[in-house]
Amino acid sequence: MEPYTLLIVARTQSLTMRLQSALLASQYTIRWVPNTAEALRLPLDPSILLVQLPPSGGARSVARLKERFAAPLLALHEVDGRVPRPVDASASRACDTETLVEMIQITLMSAAPDAIRAPGISLDTRTRRLQVGGRLYQLRPIACRIMAELIGRAGRVVPRDRLFQRVWNTEDADHSRALDVHVAELRLLLEPEPHQPRLILTERGVGYRLEPPE
């Protein structure tokens, strides 16, 4: 999985150090600059910007960053601070690291142009990245197509013949065993207890149903 590039614009590196210990290096490349002027000079195409807003609000800096970079911008503001309009998402500077990581994940997936979403779960069908409850997974092509069908009809049973047709472009039941194998692999990847699934449920004799996480 090609890592996301996270560009942090903050006066000090304390925020960068927090996130370096919380984000997997295989999923994120982190760059830090102390101010907007340096960010604008970078020959970089970030996946997301994380900007600590000054007490004054930082409206001009946000506008310049949004003009320069085609990436979602997550702003950290003072507890009672105002957030400029071009910001894609915002959080308090006082939020804990776990909340901040979740906000980064949500902002990235919300901006993905090819995302399919259900409550608590998002799938970027272009990159085959799946987010469930704040965690990221990289899916294989067939697993991605299965999850796309289940997420698109979240809460409802997806019949097996529909999955055969949409995933393998056939109604041939010869793929029945392959479907079960791929679903079992998805459960091993996503479920805390694969033998007692809570996300991908079997409707016996009919198909599978995705139950969005709480």
# chains A, B, ... in the order shown; residues from 1 in each chain; ligands from 1
$ residues_around --residues "Arg64 (chain A)" --least-positions-apart "4" --cutoff "12 Å" --atoms "only C-alpha atoms" --output "list in words"
Asn35, Thr36, Ala37, Glu38, Ala39, Leu40, Arg41, Gly58, Ala59, Arg60, Arg68, Phe69, Ala70, Leu73, Pro84, Pro86 and Val87 of chain A
$ residues_around --residues "Arg126 (chain A)" --least-positions-apart "5" --cutoff "9 Å" --atoms "only C-alpha atoms" --output "PDB file with C-alpha atoms, in the first residue's frame"
ATOM      1  CA  ALA A 112     -11.661  10.171  -1.687  1.00  0.00           C
ATOM      2  CA  PRO A 113     -13.399  10.622  -5.068  1.00  0.00           C
ATOM      3  CA  ASP A 114     -14.213   6.933  -5.471  1.00  0.00           C
ATOM      4  CA  ALA A 115     -15.356   6.143  -1.932  1.00  0.00           C
TER       5      ALA A 115
END
$ residues_around --residues "Tyr4 (chain A)" --least-positions-apart "6" --cutoff "7 Å" --atoms "only C-alpha atoms" --output "count of residues only"
4
$ closest_residue --among "A:Val158, A:Leu76, A:Leu189, A:Ala25" --to "Leu130 (chain A)" --atoms "only C-alpha atoms"
A:Leu189
$ select_by_dssp --residues "region 16-213 of chain A" --states "alpha helix (DSSP H)" --output "MDAnalysis selection string"
chainID A and resid 16:22 36:41 59:68 97:111 141:152 160:168 176:190
$ write_last_selection --atoms "C-alpha atoms" --output "PDB file, in the first residue's frame"
ATOM      1  CA  THR A  16       4.608  15.661  14.504  1.00  0.00           C
ATOM      2  CA  MET A  17       6.237  13.646  17.281  1.00  0.00           C
ATOM      3  CA  ARG A  18       2.821  12.657  18.651  1.00  0.00           C
ATOM      4  CA  LEU A  19       1.664  11.399  15.284  1.00  0.00           C
ATOM      5  CA  GLN A  20       4.901   9.639  14.392  1.00  0.00           C
ATOM      6  CA  SER A  21       4.355   7.348  17.359  1.00  0.00           C
ATOM      7  CA  ALA A  22       0.651   6.849  16.586  1.00  0.00           C
ATOM      8  CA  THR A  36       2.711  28.468   5.618  1.00  0.00           C
ATOM      9  CA  ALA A  37       5.463  30.170   3.599  1.00  0.00           C
ATOM     10  CA  GLU A  38       7.680  27.083   3.805  1.00  0.00           C
ATOM     11  CA  ALA A  39       4.766  24.785   3.006  1.00  0.00           C
ATOM     12  CA  LEU A  40       4.033  26.720  -0.173  1.00  0.00           C
ATOM     13  CA  ARG A  41       7.622  26.263  -1.378  1.00  0.00           C
ATOM     14  CA  ALA A  59      -7.886  32.529   7.403  1.00  0.00           C
ATOM     15  CA  ARG A  60      -5.285  33.889   4.969  1.00  0.00           C
ATOM     16  CA  SER A  61      -2.920  30.956   5.525  1.00  0.00           C
ATOM     17  CA  VAL A  62      -5.709  28.450   5.010  1.00  0.00           C
ATOM     18  CA  ALA A  63      -6.794  30.159   1.788  1.00  0.00           C
ATOM     19  CA  ARG A  64      -3.232  30.116   0.418  1.00  0.00           C
ATOM     20  CA  LEU A  65      -2.726  26.462   1.330  1.00  0.00           C
ATOM     21  CA  LYS A  66      -6.019  25.436  -0.259  1.00  0.00           C
ATOM     22  CA  GLU A  67      -5.098  27.352  -3.401  1.00  0.00           C
ATOM     23  CA  ARG A  68      -1.683  25.656  -3.592  1.00  0.00           C
ATOM     24  CA  THR A  97      -3.978  11.623  19.826  1.00  0.00           C
ATOM     25  CA  GLU A  98      -6.477   8.808  19.258  1.00  0.00           C
ATOM     26  CA  THR A  99      -9.196  11.297  18.315  1.00  0.00           C
ATOM     27  CA  LEU A 100      -6.808  13.153  16.024  1.00  0.00           C
ATOM     28  CA  VAL A 101      -5.799   9.967  14.215  1.00  0.00           C
ATOM     29  CA  GLU A 102      -9.460   9.109  13.710  1.00  0.00           C
ATOM     30  CA  MET A 103     -10.114  12.598  12.320  1.00  0.00           C
ATOM     31  CA  ILE A 104      -7.228  12.202   9.857  1.00  0.00           C
ATOM     32  CA  GLN A 105      -8.641   8.878   8.660  1.00  0.00           C
ATOM     33  CA  ILE A 106     -12.164  10.236   8.309  1.00  0.00           C
ATOM     34  CA  THR A 107     -11.006  13.359   6.467  1.00  0.00           C
ATOM     35  CA  LEU A 108      -8.947  11.314   4.012  1.00  0.00           C
ATOM     36  CA  MET A 109     -11.756   8.913   3.223  1.00  0.00           C
ATOM     37  CA  SER A 110     -14.346  11.697   3.008  1.00  0.00           C
ATOM     38  CA  ALA A 111     -12.245  13.359   0.312  1.00  0.00           C
ATOM     39  CA  PRO A 141      -9.074  -6.728  -5.952  1.00  0.00           C
ATOM     40  CA  ILE A 142     -11.717  -9.444  -5.427  1.00  0.00           C
ATOM     41  CA  ALA A 143     -12.087  -8.619  -1.730  1.00  0.00           C
ATOM     42  CA  CYS A 144     -12.536  -4.974  -2.694  1.00  0.00           C
ATOM     43  CA  ARG A 145     -15.330  -5.817  -5.139  1.00  0.00           C
ATOM     44  CA  ILE A 146     -17.090  -7.966  -2.516  1.00  0.00           C
ATOM     45  CA  MET A 147     -16.875  -5.209   0.100  1.00  0.00           C
ATOM     46  CA  ALA A 148     -18.101  -2.627  -2.410  1.00  0.00           C
ATOM     47  CA  GLU A 149     -21.260  -4.657  -2.937  1.00  0.00           C
ATOM     48  CA  LEU A 150     -21.798  -5.226   0.781  1.00  0.00           C
ATOM     49  CA  ILE A 151     -21.163  -1.588   1.747  1.00  0.00           C
ATOM     50  CA  GLY A 152     -23.396  -0.330  -1.060  1.00  0.00           C
ATOM     51  CA  ARG A 160     -25.100 -14.899  -3.555  1.00  0.00           C
ATOM     52  CA  ASP A 161     -26.122 -14.790  -7.215  1.00  0.00           C
ATOM     53  CA  ARG A 162     -25.816 -10.987  -7.190  1.00  0.00           C
ATOM     54  CA  LEU A 163     -22.292 -11.281  -5.764  1.00  0.00           C
ATOM     55  CA  PHE A 164     -21.330 -13.844  -8.412  1.00  0.00           C
ATOM     56  CA  GLN A 165     -22.618 -11.553 -11.139  1.00  0.00           C
ATOM     57  CA  ARG A 166     -21.091  -8.323  -9.823  1.00  0.00           C
ATOM     58  CA  VAL A 167     -17.745  -9.681  -8.575  1.00  0.00           C
ATOM     59  CA  TRP A 168     -16.994 -12.335 -11.200  1.00  0.00           C
ATOM     60  CA  SER A 176     -19.685 -20.468  -4.711  1.00  0.00           C
ATOM     61  CA  ARG A 177     -16.682 -21.939  -2.932  1.00  0.00           C
ATOM     62  CA  ALA A 178     -14.448 -19.038  -3.987  1.00  0.00           C
ATOM     63  CA  LEU A 179     -16.943 -16.548  -2.539  1.00  0.00           C
ATOM     64  CA  ASP A 180     -16.967 -18.328   0.812  1.00  0.00           C
ATOM     65  CA  VAL A 181     -13.160 -18.432   0.891  1.00  0.00           C
ATOM     66  CA  HIS A 182     -12.867 -14.692   0.201  1.00  0.00           C
ATOM     67  CA  VAL A 183     -15.477 -13.834   2.826  1.00  0.00           C
ATOM     68  CA  ALA A 184     -13.627 -16.006   5.347  1.00  0.00           C
ATOM     69  CA  GLU A 185     -10.396 -14.131   4.545  1.00  0.00           C
ATOM     70  CA  LEU A 186     -12.157 -10.796   4.996  1.00  0.00           C
ATOM     71  CA  ARG A 187     -13.408 -11.916   8.395  1.00  0.00           C
ATOM     72  CA  LEU A 188      -9.905 -12.938   9.425  1.00  0.00           C
ATOM     73  CA  LEU A 189      -8.701  -9.487   8.441  1.00  0.00           C
ATOM     74  CA  LEU A 190     -11.524  -7.378   9.869  1.00  0.00           C
TER      75      LEU A 190
END
$ closest_residue --among "A:Asp124, A:Val51, A:Arg31, A:His195" --to "Pro72 (chain A)" --atoms "only C-alpha atoms"
A:Val51
$ atom_distance --atom1 "CA of Arg156 (chain A)" --atom2 "CA of Leu123 (chain A)"
17.5 Å
$ residues_around --residues "Gly120 (chain A)" --least-positions-apart "6" --cutoff "7 Å" --atoms "only C-alpha atoms" --output "compact mmCIF listing (two decimals) with C-alpha atoms, in the first residue's frame"
# COMPACT_ATOMS: atom_id res chain seq x y z
CA VAL A 132 -13.42 0.40 9.56
CA GLY A 133 -13.78 2.16 12.87
CA PRO A 212 -22.08 -1.35 9.98
CA PRO A 213 -19.96 -1.05 13.15
$ closest_residue --among "A:Pro119, A:Pro3, A:Gly155, A:Pro46" --to "Leu201 (chain A)" --atoms "only C-alpha atoms"
A:Gly155
$ decode --residues "region 14-167 of chain A" --atoms "C-alpha atoms" --output "CSV table (one decimal), in the first residue's frame"
chain,number,residue,atom,x,y,z
A,14,SER,CA,5.5,18.4,19.1
A,15,LEU,CA,2.4,17.5,17.0
A,16,THR,CA,4.6,15.7,14.5
A,17,MET,CA,6.2,13.6,17.3
A,18,ARG,CA,2.8,12.7,18.7
A,19,LEU,CA,1.7,11.4,15.3
A,20,GLN,CA,4.9,9.6,14.4
A,21,SER,CA,4.4,7.3,17.4
A,22,ALA,CA,0.7,6.8,16.6
A,23,LEU,CA,0.6,6.4,12.8
A,24,LEU,CA,2.1,3.4,11.0
A,25,ALA,CA,5.1,4.3,8.9
A,26,SER,CA,3.9,1.9,6.3
A,27,GLN,CA,0.7,3.9,5.9
A,28,TYR,CA,1.9,7.5,6.3
A,29,THR,CA,4.9,9.6,5.3
A,30,ILE,CA,4.9,12.7,7.6
A,31,ARG,CA,6.4,16.1,6.6
A,32,TRP,CA,6.6,19.0,8.9
A,33,VAL,CA,7.1,22.7,8.2
A,34,PRO,CA,6.9,25.5,10.8
A,35,ASN,CA,4.8,28.0,8.7
A,36,THR,CA,2.7,28.5,5.6
A,37,ALA,CA,5.5,30.2,3.6
A,38,GLU,CA,7.7,27.1,3.8
A,39,ALA,CA,4.8,24.8,3.0
A,40,LEU,CA,4.0,26.7,-0.2
A,41,ARG,CA,7.6,26.3,-1.4
A,42,LEU,CA,7.6,22.5,-1.0
A,43,PRO,CA,7.6,20.4,-4.3
A,44,LEU,CA,5.1,18.1,-2.7
A,45,ASP,CA,1.7,16.6,-3.5
A,46,PRO,CA,0.3,15.8,0.0
A,47,SER,CA,-2.6,13.5,0.6
A,48,ILE,CA,-3.8,15.7,3.5
A,49,LEU,CA,-2.8,18.9,5.3
A,50,LEU,CA,-2.9,19.2,9.1
A,51,VAL,CA,-2.6,22.8,10.1
A,52,GLN,CA,-2.4,24.3,13.6
A,53,LEU,CA,-4.4,27.6,13.4
A,54,PRO,CA,-3.0,30.6,15.3
A,55,PRO,CA,-5.2,32.5,17.8
A,56,SER,CA,-6.0,35.0,15.1
A,57,GLY,CA,-7.8,32.3,13.0
A,58,GLY,CA,-5.3,31.8,10.1
A,59,ALA,CA,-7.9,32.5,7.4
A,60,ARG,CA,-5.3,33.9,5.0
A,61,SER,CA,-2.9,31.0,5.5
A,62,VAL,CA,-5.7,28.5,5.0
A,63,ALA,CA,-6.8,30.2,1.8
A,64,ARG,CA,-3.2,30.1,0.4
A,65,LEU,CA,-2.7,26.5,1.3
A,66,LYS,CA,-6.0,25.4,-0.3
A,67,GLU,CA,-5.1,27.4,-3.4
A,68,ARG,CA,-1.7,25.7,-3.6
A,69,PHE,CA,-2.6,22.1,-2.6
A,70,ALA,CA,-5.4,19.9,-4.0
A,71,ALA,CA,-5.7,18.0,-0.7
A,72,PRO,CA,-8.2,18.1,2.2
A,73,LEU,CA,-7.2,20.4,5.1
A,74,LEU,CA,-7.8,19.4,8.7
A,75,ALA,CA,-7.4,22.4,11.0
A,76,LEU,CA,-6.6,22.3,14.7
A,77,HIS,CA,-8.1,25.4,16.4
A,78,GLU,CA,-8.1,26.9,19.9
A,79,VAL,CA,-10.9,25.8,22.1
A,80,ASP,CA,-13.0,28.9,21.4
A,81,GLY,CA,-11.3,29.7,18.1
A,82,ARG,CA,-13.0,30.4,14.8
A,83,VAL,CA,-12.4,28.1,11.9
A,84,PRO,CA,-12.0,29.6,8.3
A,85,ARG,CA,-14.5,28.5,5.8
A,86,PRO,CA,-12.2,26.6,3.3
A,87,VAL,CA,-11.3,24.1,6.0
A,88,ASP,CA,-12.5,20.6,5.2
A,89,ALA,CA,-12.6,19.4,8.8
A,90,SER,CA,-11.5,20.7,12.2
A,91,ALA,CA,-10.8,19.6,15.7
A,92,SER,CA,-9.7,21.2,19.0
A,93,ARG,CA,-6.0,21.5,19.6
A,94,ALA,CA,-6.7,19.9,23.0
A,95,CYS,CA,-8.0,16.7,21.5
A,96,ASP,CA,-6.2,13.5,22.3
A,97,THR,CA,-4.0,11.6,19.8
A,98,GLU,CA,-6.5,8.8,19.3
A,99,THR,CA,-9.2,11.3,18.3
A,100,LEU,CA,-6.8,13.2,16.0
A,101,VAL,CA,-5.8,10.0,14.2
A,102,GLU,CA,-9.5,9.1,13.7
A,103,MET,CA,-10.1,12.6,12.3
A,104,ILE,CA,-7.2,12.2,9.9
A,105,GLN,CA,-8.6,8.9,8.7
A,106,ILE,CA,-12.2,10.2,8.3
A,107,THR,CA,-11.0,13.4,6.5
A,108,LEU,CA,-8.9,11.3,4.0
A,109,MET,CA,-11.8,8.9,3.2
A,110,SER,CA,-14.3,11.7,3.0
A,111,ALA,CA,-12.2,13.4,0.3
A,112,ALA,CA,-11.7,10.2,-1.7
A,113,PRO,CA,-13.4,10.6,-5.1
A,114,ASP,CA,-14.2,6.9,-5.5
A,115,ALA,CA,-15.4,6.1,-1.9
A,116,ILE,CA,-18.4,4.0,-1.0
A,117,ARG,CA,-19.6,4.7,2.5
A,118,ALA,CA,-21.8,3.3,5.3
A,119,PRO,CA,-21.9,4.3,9.0
A,120,GLY,CA,-18.4,3.7,10.4
A,121,ILE,CA,-17.0,2.3,7.3
A,122,SER,CA,-15.6,3.6,4.0
A,123,LEU,CA,-14.0,2.0,0.9
A,124,ASP,CA,-11.9,3.8,-1.6
A,125,THR,CA,-12.4,1.6,-4.7
A,126,ARG,CA,-9.5,3.3,-6.6
A,127,THR,CA,-6.8,2.6,-4.0
A,128,ARG,CA,-8.7,-0.4,-2.4
A,129,ARG,CA,-8.2,1.1,1.0
A,130,LEU,CA,-10.9,0.2,3.5
A,131,GLN,CA,-11.5,2.1,6.8
A,132,VAL,CA,-13.4,0.4,9.6
A,133,GLY,CA,-13.8,2.2,12.9
A,134,GLY,CA,-10.7,4.3,12.4
A,135,ARG,CA,-8.4,1.5,11.1
A,136,LEU,CA,-7.1,1.2,7.6
A,137,TYR,CA,-6.8,-2.0,5.6
A,138,GLN,CA,-5.5,-2.7,2.1
A,139,LEU,CA,-7.7,-5.1,0.2
A,140,ARG,CA,-7.0,-7.3,-2.8
A,141,PRO,CA,-9.1,-6.7,-6.0
A,142,ILE,CA,-11.7,-9.4,-5.4
A,143,ALA,CA,-12.1,-8.6,-1.7
A,144,CYS,CA,-12.5,-5.0,-2.7
A,145,ARG,CA,-15.3,-5.8,-5.1
A,146,ILE,CA,-17.1,-8.0,-2.5
A,147,MET,CA,-16.9,-5.2,0.1
A,148,ALA,CA,-18.1,-2.6,-2.4
A,149,GLU,CA,-21.3,-4.7,-2.9
A,150,LEU,CA,-21.8,-5.2,0.8
A,151,ILE,CA,-21.2,-1.6,1.7
A,152,GLY,CA,-23.4,-0.3,-1.1
A,153,ARG,CA,-26.3,-2.4,0.4
A,154,ALA,CA,-25.3,-2.1,4.1
A,155,GLY,CA,-27.9,-3.5,6.4
A,156,ARG,CA,-29.5,-5.6,3.7
A,157,VAL,CA,-28.8,-9.1,2.5
A,158,VAL,CA,-26.8,-9.3,-0.8
A,159,PRO,CA,-27.8,-12.5,-2.5
A,160,ARG,CA,-25.1,-14.9,-3.6
A,161,ASP,CA,-26.1,-14.8,-7.2
A,162,ARG,CA,-25.8,-11.0,-7.2
A,163,LEU,CA,-22.3,-11.3,-5.8
A,164,PHE,CA,-21.3,-13.8,-8.4
A,165,GLN,CA,-22.6,-11.6,-11.1
A,166,ARG,CA,-21.1,-8.3,-9.8
A,167,VAL,CA,-17.7,-9.7,-8.6
